[in-house]
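Participant: See upload01.pdb below, with PDB, C-alpha atoms and all ligand atoms.
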ATOM      1  CA  MET X   1     -31.123  -9.036  34.836
ATOM      2  CA  MET X   2     -28.931  -9.896  31.834
ATOM      3  CA  SER X   3     -30.390  -9.492  28.350
ATOM      4  CA  ASP X   4     -30.570 -12.559  26.117
ATOM      5  CA  GLU X   5     -27.770 -11.079  23.969
ATOM      6  CA  ALA X   6     -25.528 -10.505  27.006
ATOM      7  CA  GLU X   7     -26.244 -14.022  28.317
ATOM      8  CA  PHE X   8     -25.390 -15.501  24.937
ATOM      9  CA  SER X   9     -22.099 -13.567  24.785
ATOM     10  CA  ALA X  10     -21.216 -14.641  28.315
ATOM     11  CA  ALA X  11     -21.945 -18.284  27.424
ATOM     12  CA  VAL X  12     -19.681 -18.046  24.365
ATOM     13  CA  GLU X  13     -16.902 -16.548  26.517
ATOM     14  CA  ARG X  14     -17.234 -19.515  28.866
ATOM     15  CA  ASN X  15     -17.122 -21.899  25.875
ATOM     16  CA  ILE X  16     -13.891 -20.294  24.715
ATOM     17  CA  GLU X  17     -12.336 -20.403  28.192
ATOM     18  CA  ALA X  18     -13.182 -24.122  28.380
ATOM     19  CA  LEU X  19     -11.706 -24.709  24.912
ATOM     20  CA  GLN X  20      -8.530 -22.885  25.958
ATOM     21  CA  GLN X  21      -8.031 -25.482  28.735
ATOM     22  CA  ARG X  22      -8.053 -28.261  26.111
ATOM     23  CA  ALA X  23      -4.474 -28.467  24.835
ATOM     24  CA  ASP X  24      -5.489 -31.773  23.213
ATOM     25  CA  LEU X  25      -7.974 -29.959  20.945
ATOM     26  CA  ALA X  26      -5.423 -27.273  19.995
ATOM     27  CA  GLN X  27      -3.054 -30.120  19.102
ATOM     28  CA  MET X  28      -5.778 -31.689  16.925
ATOM     29  CA  GLY X  29      -5.942 -28.363  15.062
ATOM     30  CA  VAL X  30      -2.187 -28.452  14.485
ATOM     31  CA  ASP X  31      -2.422 -32.106  13.414
ATOM     32  CA  PHE X  32      -5.179 -31.228  10.916
ATOM     33  CA  ILE X  33      -3.073 -28.444   9.414
ATOM     34  CA  ARG X  34       0.033 -30.638   9.237
ATOM     35  CA  GLU X  35      -1.772 -33.563   7.620
ATOM     36  CA  THR X  36      -3.676 -31.460   5.067
ATOM     37  CA  ALA X  37      -0.722 -29.208   4.143
ATOM     38  CA  GLU X  38       0.807 -31.955   2.025
ATOM     39  CA  LEU X  39      -2.436 -32.051   0.036
ATOM     40  CA  GLY X  40      -2.402 -28.302  -0.539
ATOM     41  CA  TYR X  41      -5.557 -27.719   1.525
ATOM     42  CA  SER X  42      -4.917 -23.983   2.014
ATOM     43  CA  TYR X  43      -5.037 -23.453  -1.764
ATOM     44  CA  ASN X  44      -8.532 -24.907  -2.181
ATOM     45  CA  PHE X  45     -10.643 -21.809  -1.623
ATOM     46  CA  ARG X  46     -11.755 -18.702  -3.488
ATOM     47  CA  TRP X  47     -13.407 -15.472  -2.391
ATOM     48  CA  MET X  48     -15.589 -13.864  -5.054
ATOM     49  CA  GLY X  49     -13.722 -15.835  -7.702
ATOM     50  CA  ARG X  50     -10.130 -15.132  -6.625
ATOM     51  CA  PRO X  51      -7.949 -17.799  -4.967
ATOM     52  CA  VAL X  52      -7.508 -16.958  -1.290
ATOM     53  CA  ILE X  53      -4.685 -18.817   0.460
ATOM     54  CA  GLN X  54      -6.338 -18.918   3.873
ATOM     55  CA  PHE X  55      -8.174 -21.372   6.047
ATOM     56  CA  PRO X  56     -11.936 -20.665   6.091
ATOM     57  CA  GLN X  57     -11.800 -20.427   9.900
ATOM     58  CA  ASP X  58      -9.315 -17.545   9.726
ATOM     59  CA  LEU X  59     -11.523 -15.713   7.221
ATOM     60  CA  ILE X  60     -14.424 -15.890   9.693
ATOM     61  CA  ALA X  61     -12.193 -14.419  12.416
ATOM     62  CA  LEU X  62     -11.024 -11.659  10.055
ATOM     63  CA  GLN X  63     -14.672 -10.883   9.280
ATOM     64  CA  GLU X  64     -15.357 -10.573  13.014
ATOM     65  CA  ILE X  65     -12.527  -8.113  13.593
ATOM     66  CA  ILE X  66     -13.409  -6.100  10.475
ATOM     67  CA  TRP X  67     -16.986  -5.763  11.743
ATOM     68  CA  ALA X  68     -15.783  -4.818  15.228
ATOM     69  CA  VAL X  69     -13.162  -2.276  14.122
ATOM     70  CA  ARG X  70     -14.929  -0.899  11.004
ATOM     71  CA  PRO X  71     -11.592   0.047   9.481
ATOM     72  CA  ALA X  72     -11.059   2.848   6.986
ATOM     73  CA  VAL X  73      -7.982   0.985   5.736
ATOM     74  CA  ILE X  74      -6.823  -2.616   5.766
ATOM     75  CA  VAL X  75      -3.138  -3.006   4.892
ATOM     76  CA  GLU X  76      -1.970  -6.491   3.925
ATOM     77  CA  THR X  77       1.546  -7.593   3.013
ATOM     78  CA  GLY X  78       1.469 -10.651   0.728
ATOM     79  CA  VAL X  79      -1.039 -10.484  -2.115
ATOM     80  CA  ALA X  80      -0.436 -13.693  -4.151
ATOM     81  CA  ARG X  81      -3.533 -14.112  -6.357
ATOM     82  CA  GLY X  82      -5.487 -11.385  -4.624
ATOM     83  CA  GLY X  83      -8.204 -13.383  -2.870
ATOM     84  CA  SER X  84      -7.533 -11.937   0.558
ATOM     85  CA  LEU X  85      -7.506  -8.366  -0.781
ATOM     86  CA  VAL X  86     -10.850  -9.052  -2.465
ATOM     87  CA  PHE X  87     -12.130 -10.544   0.803
ATOM     88  CA  HIS X  88     -11.182  -7.428   2.790
ATOM     89  CA  ALA X  89     -12.562  -5.128   0.077
ATOM     90  CA  SER X  90     -15.866  -7.001   0.022
ATOM     91  CA  MET X  91     -16.186  -6.614   3.786
ATOM     92  CA  LEU X  92     -15.527  -2.879   3.472
ATOM     93  CA  GLU X  93     -18.141  -2.747   0.707
ATOM     94  CA  LEU X  94     -20.693  -4.358   3.046
ATOM     95  CA  LEU X  95     -19.802  -1.866   5.774
ATOM     96  CA  GLY X  96     -20.522   1.016   3.407
ATOM     97  CA  GLY X  97     -18.325   4.092   3.533
ATOM     98  CA  ASP X  98     -15.199   4.503   1.460
ATOM     99  CA  GLY X  99     -12.734   2.136   3.121
ATOM    100  CA  ILE X 100      -9.768   0.904   1.109
ATOM    101  CA  VAL X 101      -7.395  -2.047   1.062
ATOM    102  CA  VAL X 102      -3.669  -1.564   0.471
ATOM    103  CA  GLY X 103      -1.891  -4.705  -0.751
ATOM    104  CA  VAL X 104       1.911  -5.012  -0.910
ATOM    105  CA  ASP X 105       3.752  -7.794  -2.707
ATOM    106  CA  VAL X 106       7.305  -8.141  -3.974
ATOM    107  CA  ASP X 107       6.021  -9.880  -7.108
ATOM    108  CA  ILE X 108       2.583  -9.071  -8.493
ATOM    109  CA  ARG X 109       2.306 -11.218 -11.613
ATOM    110  CA  SER X 110       0.649  -9.478 -14.517
ATOM    111  CA  HIS X 111      -2.290 -11.906 -14.786
ATOM    112  CA  ASN X 112      -2.976 -11.537 -11.065
ATOM    113  CA  ARG X 113      -2.739  -7.759 -11.275
ATOM    114  CA  GLN X 114      -5.133  -7.767 -14.222
ATOM    115  CA  ALA X 115      -7.654 -10.025 -12.437
ATOM    116  CA  ILE X 116      -7.528  -7.829  -9.312
ATOM    117  CA  GLU X 117      -7.808  -4.593 -11.308
ATOM    118  CA  GLU X 118     -10.789  -5.951 -13.256
ATOM    119  CA  HIS X 119     -12.563  -7.323 -10.181
ATOM    120  CA  PRO X 120     -15.857  -5.732  -9.043
ATOM    121  CA  MET X 121     -14.109  -4.841  -5.728
ATOM    122  CA  ALA X 122     -11.156  -3.167  -7.505
ATOM    123  CA  ARG X 123     -12.158   0.383  -6.715
ATOM    124  CA  ARG X 124     -11.314  -0.253  -3.069
ATOM    125  CA  ILE X 125      -7.944  -1.931  -3.727
ATOM    126  CA  ARG X 126      -4.534  -0.225  -4.067
ATOM    127  CA  LEU X 127      -1.608  -2.417  -5.161
ATOM    128  CA  ILE X 128       1.989  -1.585  -4.293
ATOM    129  CA  GLU X 129       4.781  -3.718  -5.753
ATOM    130  CA  GLY X 130       8.039  -4.145  -3.857
ATOM    131  CA  SER X 131       9.365  -5.658  -0.670
ATOM    132  CA  SER X 132       7.163  -4.793   2.290
ATOM    133  CA  VAL X 133      10.201  -3.753   4.358
ATOM    134  CA  ASP X 134      11.685  -1.461   1.730
ATOM    135  CA  ALA X 135      11.609   2.140   3.018
ATOM    136  CA  GLU X 136      10.259   3.522  -0.264
ATOM    137  CA  VAL X 137       7.520   0.878  -0.394
ATOM    138  CA  PHE X 138       6.539   1.606   3.188
ATOM    139  CA  SER X 139       6.361   5.337   2.474
ATOM    140  CA  LYS X 140       3.914   4.562  -0.371
ATOM    141  CA  VAL X 141       1.808   2.532   2.069
ATOM    142  CA  ARG X 142       1.896   5.378   4.562
ATOM    143  CA  ALA X 143       0.844   7.821   1.844
ATOM    144  CA  GLU X 144      -2.164   5.630   0.914
ATOM    145  CA  VAL X 145      -3.185   5.422   4.573
ATOM    146  CA  GLY X 146      -2.776   9.170   5.061
ATOM    147  CA  GLU X 147      -5.023  10.408   7.848
ATOM    148  CA  ARG X 148      -7.506   7.534   7.461
ATOM    149  CA  SER X 149      -8.414   5.679  10.632
ATOM    150  CA  PRO X 150      -8.951   3.101  12.014
ATOM    151  CA  VAL X 151      -6.370   0.872  10.351
ATOM    152  CA  ILE X 152      -5.976  -2.930  10.502
ATOM    153  CA  VAL X 153      -2.656  -4.473   9.390
ATOM    154  CA  ILE X 154      -2.247  -8.099   8.275
ATOM    155  CA  LEU X 155       1.200  -9.617   7.654
ATOM    156  CA  ASP X 156       1.288 -12.543   5.213
ATOM    157  CA  SER X 157       4.424 -12.159   3.078
ATOM    158  CA  ASN X 158       7.885 -13.660   3.697
ATOM    159  CA  HIS X 159       7.588 -15.770   6.852
ATOM    160  CA  THR X 160      11.156 -15.595   8.243
ATOM    161  CA  HIS X 161      11.730 -14.274  11.766
ATOM    162  CA  ALA X 162      13.866 -11.371  10.492
ATOM    163  CA  HIS X 163      11.411 -10.277   7.805
ATOM    164  CA  VAL X 164       8.311 -10.461  10.007
ATOM    165  CA  LEU X 165      10.095  -8.686  12.869
ATOM    166  CA  ASP X 166      11.117  -5.889  10.469
ATOM    167  CA  GLU X 167       7.507  -5.698   9.233
ATOM    168  CA  LEU X 168       6.151  -5.603  12.786
ATOM    169  CA  ARG X 169       8.514  -2.783  13.746
ATOM    170  CA  LEU X 170       7.582  -0.799  10.620
ATOM    171  CA  TYR X 171       3.854  -1.387  10.310
ATOM    172  CA  ALA X 172       2.883  -1.357  14.017
ATOM    173  CA  ASP X 173       2.660   2.435  14.036
ATOM    174  CA  LEU X 174      -0.084   2.300  11.405
ATOM    175  CA  VAL X 175      -2.385   0.224  13.606
ATOM    176  CA  SER X 176      -4.975   2.312  15.430
ATOM    177  CA  PRO X 177      -5.543   1.908  19.185
ATOM    178  CA  GLY X 178      -8.180  -0.807  19.688
ATOM    179  CA  SER X 179      -7.461  -2.259  16.248
ATOM    180  CA  PHE X 180      -5.585  -5.381  15.157
ATOM    181  CA  LEU X 181      -2.202  -6.394  13.814
ATOM    182  CA  VAL X 182      -2.667  -9.926  12.474
ATOM    183  CA  VAL X 183       0.403 -12.083  11.892
ATOM    184  CA  LEU X 184      -0.386 -15.124   9.764
ATOM    185  CA  ASP X 185       1.495 -18.434   9.541
ATOM    186  CA  THR X 186       2.727 -18.390  13.135
ATOM    187  CA  ILE X 187       1.687 -22.080  12.935
ATOM    188  CA  VAL X 188       5.069 -22.798  11.282
ATOM    189  CA  GLU X 189       6.556 -22.959  14.805
ATOM    190  CA  HIS X 190       4.429 -26.061  15.517
ATOM    191  CA  LEU X 191       5.104 -27.904  12.260
ATOM    192  CA  PRO X 192       8.089 -30.082  11.338
ATOM    193  CA  LYS X 193      11.093 -28.573   9.559
ATOM    194  CA  SER X 194      10.675 -31.255   6.887
ATOM    195  CA  MET X 195       7.578 -29.380   5.661
ATOM    196  CA  TYR X 196       9.658 -26.293   4.839
ATOM    197  CA  LEU X 197      12.888 -27.659   3.377
ATOM    198  CA  ASP X 198      12.457 -25.444   0.299
ATOM    199  CA  ARG X 199      11.691 -22.346   2.408
ATOM    200  CA  PRO X 200      13.957 -20.069   4.463
ATOM    201  CA  TRP X 201      11.589 -20.368   7.463
ATOM    202  CA  GLY X 202      10.792 -23.260   9.809
ATOM    203  CA  PRO X 203      10.521 -24.044  13.526
ATOM    204  CA  GLY X 204      12.654 -21.528  15.465
ATOM    205  CA  ASP X 205      12.625 -19.002  12.601
ATOM    206  CA  ASN X 206       9.114 -17.903  11.675
ATOM    207  CA  PRO X 207       6.305 -15.407  12.366
ATOM    208  CA  MET X 208       5.642 -16.779  15.873
ATOM    209  CA  THR X 209       9.245 -16.270  16.996
ATOM    210  CA  ALA X 210       9.030 -12.744  15.549
ATOM    211  CA  VAL X 211       5.755 -12.017  17.372
ATOM    212  CA  ARG X 212       7.218 -13.178  20.676
ATOM    213  CA  GLN X 213      10.227 -10.897  20.279
ATOM    214  CA  PHE X 214       8.083  -7.981  19.083
ATOM    215  CA  LEU X 215       5.784  -8.251  22.114
ATOM    216  CA  ARG X 216       8.815  -8.017  24.399
ATOM    217  CA  GLU X 217       9.816  -4.811  22.591
ATOM    218  CA  ASP X 218       6.501  -3.039  22.075
ATOM    219  CA  PRO X 219       4.189  -2.727  25.082
ATOM    220  CA  ARG X 220       1.482  -1.093  22.977
ATOM    221  CA  PHE X 221       0.341  -4.524  21.752
ATOM    222  CA  GLU X 222      -1.140  -7.601  23.398
ATOM    223  CA  GLN X 223      -2.262 -10.980  22.104
ATOM    224  CA  ASP X 224      -5.972 -11.730  21.886
ATOM    225  CA  ARG X 225      -5.789 -15.451  22.615
ATOM    226  CA  SER X 226      -9.588 -15.759  22.579
ATOM    227  CA  ILE X 227      -9.448 -15.661  18.763
ATOM    228  CA  ASP X 228      -7.083 -18.579  18.165
ATOM    229  CA  GLY X 229      -8.598 -20.131  21.294
ATOM    230  CA  LYS X 230     -11.989 -20.422  19.678
ATOM    231  CA  LEU X 231     -10.807 -21.172  16.138
ATOM    232  CA  LEU X 232      -8.647 -24.171  17.102
ATOM    233  CA  ILE X 233      -7.933 -24.621  13.404
ATOM    234  CA  THR X 234      -5.942 -21.488  12.528
ATOM    235  CA  VAL X 235      -2.659 -20.681  10.815
ATOM    236  CA  ALA X 236      -2.227 -17.828  13.301
ATOM    237  CA  PRO X 237      -1.904 -19.172  16.859
ATOM    238  CA  GLU X 238      -0.628 -16.247  19.013
ATOM    239  CA  GLY X 239      -0.853 -14.096  15.872
ATOM    240  CA  TRP X 240      -3.915 -11.987  16.694
ATOM    241  CA  LEU X 241      -2.418  -8.835  18.229
ATOM    242  CA  ARG X 242      -4.506  -5.949  19.482
ATOM    243  CA  ARG X 243      -3.198  -2.457  19.997
ATOM    244  CA  LYS X 244      -4.214  -1.391  23.480
ATOM    245  CA  GLY X 245      -6.501   1.594  23.975
ATOM    246  CA  THR X 246      -9.563   2.743  22.125
TER     247      THR X 246
HETATM  248  C1  LIG M   1       1.116 -16.653   1.428
HETATM  249  S1  LIG M   1       1.209 -15.609   0.027
HETATM  250  C2  LIG M   1      -0.035 -14.397   0.364
HETATM  251  C3  LIG M   1      -1.424 -14.950   0.344
HETATM  252  C4  LIG M   1      -2.541 -13.936   0.365
HETATM  253  N1  LIG M   1      -2.465 -13.046   1.508
HETATM  254  C5  LIG M   1      -3.872 -14.656   0.389
HETATM  255  O1  LIG M   1      -4.458 -14.773   1.472
HETATM  256  O2  LIG M   1      -4.322 -15.114  -0.668
HETATM  257  C6  LIG M   1       2.723 -14.789   0.283
HETATM  258  C7  LIG M   1       3.071 -13.682  -0.696
HETATM  259  O3  LIG M   1       4.114 -12.911  -0.129
HETATM  260  C8  LIG M   1       4.889 -12.382  -1.168
HETATM  261  N2  LIG M   1       6.198 -11.959  -0.632
HETATM  262  C9  LIG M   1       7.305 -12.692  -0.415
HETATM  263  N3  LIG M   1       8.303 -11.923   0.047
HETATM  264  C10 LIG M   1       7.799 -10.659   0.127
HETATM  265  C11 LIG M   1       8.347  -9.410   0.530
HETATM  266  N4  LIG M   1       9.606  -9.294   0.924
HETATM  267  N5  LIG M   1       7.552  -8.318   0.477
HETATM  268  C12 LIG M   1       6.259  -8.419   0.059
HETATM  269  N6  LIG M   1       5.703  -9.567  -0.341
HETATM  270  C13 LIG M   1       6.460 -10.680  -0.309
HETATM  271  C14 LIG M   1       4.962 -13.506  -2.190
HETATM  272  O4  LIG M   1       5.260 -12.970  -3.471
HETATM  273  C15 LIG M   1       3.570 -14.122  -2.073
HETATM  274  O5  LIG M   1       2.708 -13.621  -3.074
END
Do you think you could lay out the structure here as structure tokens?
Facilitator:
Amino acid sequence: MMSDEAEFSAAVERNIEALQQRADLAQMGVDFIRETAELGYSYNFRWMGRPVIQFPQDLIALQEIIWAVRPAVIVETGVARGGSLVFHASMLELLGGDGIVVGVDVDIRSHNRQAIEEHPMARRIRLIEGSSVDAEVFSKVRAEVGERSPVIVILDSNHTHAHVLDELRLYADLVSPGSFLVVLDTIVEHLPKSMYLDRPWGPGDNPMTAVRQFLREDPRFEQDRSIDGKLLITVAPEGWLRRKGT
């Protein structure tokens, strides 16, 4: 006989499978993101006082994978005002242990750096300034990771196909078997070009096109579609990649 916990998990899996059949609901998620983008919705939230440029739904999913993987290191490209680094660090704090967060950004403004360095979670955060695909920058990231394991990697910097593909090729090796490589803003593929006229990315040239090419190149990774399948509102459709193995 199944335990209550196992029955509950099985019921949730069935819920997700049913949701995945509902293309109309996934489209409602895309519509919500498109309609609210103009109003700057993704800028509305803070984590422990720092602005975090994420949808709340995606933060819940990140929390779930952090709990499941119990990483020793979370590497994120794209720091902005530091809210996501603080989010990851706070999760590591709750897990106990001495896990760290490595944040890479081409432009860490001094007031943001100061706020991150003075934050109660700062002891877990390492900041590296420079382009995420620069060889010297990547070697600093690798040095911070050292022998620590498991490692989660999250890509949230420049969203062009070429940049994200370069990041995927570089950072994939850091991801531990069974752990995640999360590629944010794949949603750009489903949004109109008119939303990104001032950006080098848009439909046809974005993180989702990079993920699709990367998956053709690197058989170590697979998509976990149950994550975007259950979120429905996510900036990372097809962006939750798991490295096979344990
Ligand atoms: C969407 S924001 C990151 C948001 C942050 N992860 C959060 O959740 O609050 C994107 C960031 O990527 C940075 N960026 C742009 N090009 C980059 C590059 N080549 N290397 C590293 N960071 C880059 C920008 O400076 C910007 O701060």
Participant: Please determine an axis-aligned box that encloses all atoms of ligand LIG 1 (chain M) listed in the file, with 8 Å added on each side, and express its centre and edge lengths in Å to one decimal as lines of an AutoDock Vina configuration file.
Facilitator:
center_x = 2.6
center_y = -12.5
center_z = -1.0
size_x = 30.1
size_y = 24.3
size_z = 21.0
Participant: Compare X:Ile154, X:Ala37, X:Leu174, X:Val133 by their minimum atom-to-atom distance to X:Leu62, counting all atoms listed in the file, and give me the closest one.
Facilitator: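 When distances to X:Leu62 are compared using all atoms listed in the file, the smallest one comes from X:Ile154.
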Participant: Any idea what's packed within 12 Å of X:Glu167, counting all atoms listed in the file, ignoring anything in its chain fewer than 6 positions away? Could you give it as an NGL selection string?
Facilitator: :X and (75-78 or 104 or 131-135 or 137-138 or 153-161 or 173-174 or 181-183 or 207 or 210-211 or 214)
Participant: Using all atoms listed in the file for the distances, tell me which of X:Arg22, X:Arg124, X:Arg142, X:His163 is nearest to ligand LIG 1 (chain M).
Facilitator: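 Nearest to ligand LIG 1 (chain M): X:His163.
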Participant: Determine the nearest neighbour of ligand LIG 1 (chain M) from the options X:Ile53, X:Val73, X:Ala162, X:Ile152, counting all atoms listed in the file.
Facilitator: X:Ile53
Participant: Find the residue from X:Pro203, X:Gly82, X:Gly29, X:Gly178 that sits nearest to ligand LIG 1 (chain M); use only C-alpha atoms and all ligand atoms when measuring.
Facilitator: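 Selected residue with least distance to ligand LIG 1 (chain M): X:Gly82.
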Participant: X:Arg113, X:Arg81, X:Arg216, X:His190: which is nearest ligand LIG 1 (chain M), counting only C-alpha atoms and all ligand atoms?
Facilitator: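 Using only C-alpha atoms and all ligand atoms, ligand LIG 1 (chain M) sits closest to X:Arg81.
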Participant: Excluding same-chain residues fewer than 3 positions from stretch 240-245 of chain X, what lies within 12 Å of it counting all atoms listed in the file, as a ChimeraX atom specification?
Facilitator: /X:58,61-62,65,69,150-155,168,172-186,207-208,211-212,214-215,218-229,231,234-237
